[in-house]
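Asks: Quick one: the structure is below, questions incoming.
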Amino acid sequence: SLVKPDITFFGEGLPSRFFDLLEQDFAKCDLLIVMGTSLLVQPFASLVNDVSSSVPRLLINRVRVGEAKVRGPGFDFDGRHAGQLHRDALILGDCDQACALLAERLGWEEELRGLRE
């Protein structure tokens, strides 16, 4: 028989728990980190717009994705549409390396190492 990992594959419906907790979780969000994605598949592609406008957003990815063409939904890495609040940041490169660098800079190396073991 087949063994299916506990993930949602492309084309599958999301579990109801996702929708049940979405609003509640995003209301508590104080930093949104998006990693390793094309941001082309819904509903995830639009989630970057669901956090409060005061929440900083970080994309860690090999390529720039999800950018707003005009003021509105999407990332604004260059601050073209930000006004006084520039909240989007971008780290281009490998997700594992970028996370290791963030952990190092934030003093979380030991914690990250413990999670990996």
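Naming works like this for the structure tokens: A, B, ... for the chains as they're shown, residue 1 at the start of each chain, ligands 1 onward in shown order.
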DSSP says helix (DSSP H, G or I) for which residues of chain A? Put them as a PyMOL selection string?
Replies: chain A and resi 16-28+44-49+95-106+109-116
Asks: Find the residues around Leu40 (chain A) up to 10 Å (only C-alpha atoms counted), leave out those fewer than 6 positions away in its own chain, and share them as a PyMOL selection string.
Replies: chain A and resi 46+65-66
Asks: Tell me, which residues of region 75-112 of chain A carry DSSP strand (DSSP E or B), written as an MDAnalysis selection string?
Replies: chainID A and resid 75 88:92
Asks: State, in Å with one decimal place, the distance from CA of Pro43 (chain A) to CA of Leu14 (chain A).
Replies: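 Spanning CA of Pro43 (chain A) to CA of Leu14 (chain A) is a straight-line distance of 9.2 Å.
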Asks: From the set A:Gln42, A:Glu111, A:Arg116, A:Cys99, which residue has the shortest atom-to-atom contact distance to Gly13 (chain A), counting only C-alpha atoms?
Replies: A:Gln42
Asks: At a cut-off of 9 Å, using only C-alpha atoms, what residues contact His86 (chain A)? Leave out same-chain residues fewer than 6 positions from it and give the result as number ranges by chain.
Replies: A: 56, 76-79
Asks: Write the residues of the selection above to a file with N, CA, C and O atoms, as a CSV table (one decimal), in the first residue's frame.
Replies:
```csv
chain,number,residue,atom,x,y,z
A,56,PRO,N,5.5,43.3,9.7
A,56,PRO,CA,6.6,43.2,8.8
A,56,PRO,C,6.5,41.8,8.1
A,56,PRO,O,6.1,40.8,8.7
A,76,ASP,N,6.2,44.7,-1.5
A,76,ASP,CA,6.8,46.0,-2.0
A,76,ASP,C,8.2,46.1,-1.5
A,76,ASP,O,8.5,46.9,-0.6
A,77,PHE,N,9.1,45.3,-2.0
A,77,PHE,CA,10.5,45.2,-1.5
A,77,PHE,C,11.3,46.5,-1.7
A,77,PHE,O,12.1,46.8,-0.9
A,78,ASP,N,11.0,47.3,-2.7
A,78,ASP,CA,11.7,48.5,-3.0
A,78,ASP,C,11.1,49.7,-2.4
A,78,ASP,O,11.6,50.8,-2.6
A,79,GLY,N,10.0,49.6,-1.7
A,79,GLY,CA,9.3,50.7,-1.0
A,79,GLY,C,8.7,51.7,-2.0
A,79,GLY,O,8.4,52.9,-1.7
```
Asks: Between CA of Gly114 (chain A) and CA of Asp6 (chain A), what is the distance in Å, rounded to a tenth?
Replies: 22.5 Å
Asks: By how many Å are CA of Leu59 (chain A) and CA of Arg17 (chain A) apart?
Replies: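 Taking CA of Leu59 (chain A) as the start and CA of Arg17 (chain A) as the end point, the length is 24.6 Å.
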Asks: Considering only C-alpha atoms, can you say which of A:Val48, A:Glu23, A:Leu32, A:Ile60 comes closest to Asp94 (chain A)?
Replies: A:Ile60
Asks: Find the residue from A:Ala89, A:Leu47, A:Ile7, A:Leu39 that sits nearest to Phe19 (chain A); use only C-alpha atoms when measuring.
Replies: A:Leu47
Asks: Do a neighbour search on Ala103 (chain A) at 10 Å with only C-alpha atoms, toss out local chain neighbours closer than 6 positions, and write the hits as a PyMOL selection string.
Replies: chain A and resi 97+109-113
Asks: For Pro73 (chain A), which residue among A:Leu106, A:Ile33, A:Val3, A:Ala45 is the nearest when counting only C-alpha atoms?
Replies: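 For Pro73 (chain A), the nearest of the candidates is A:Ala45.
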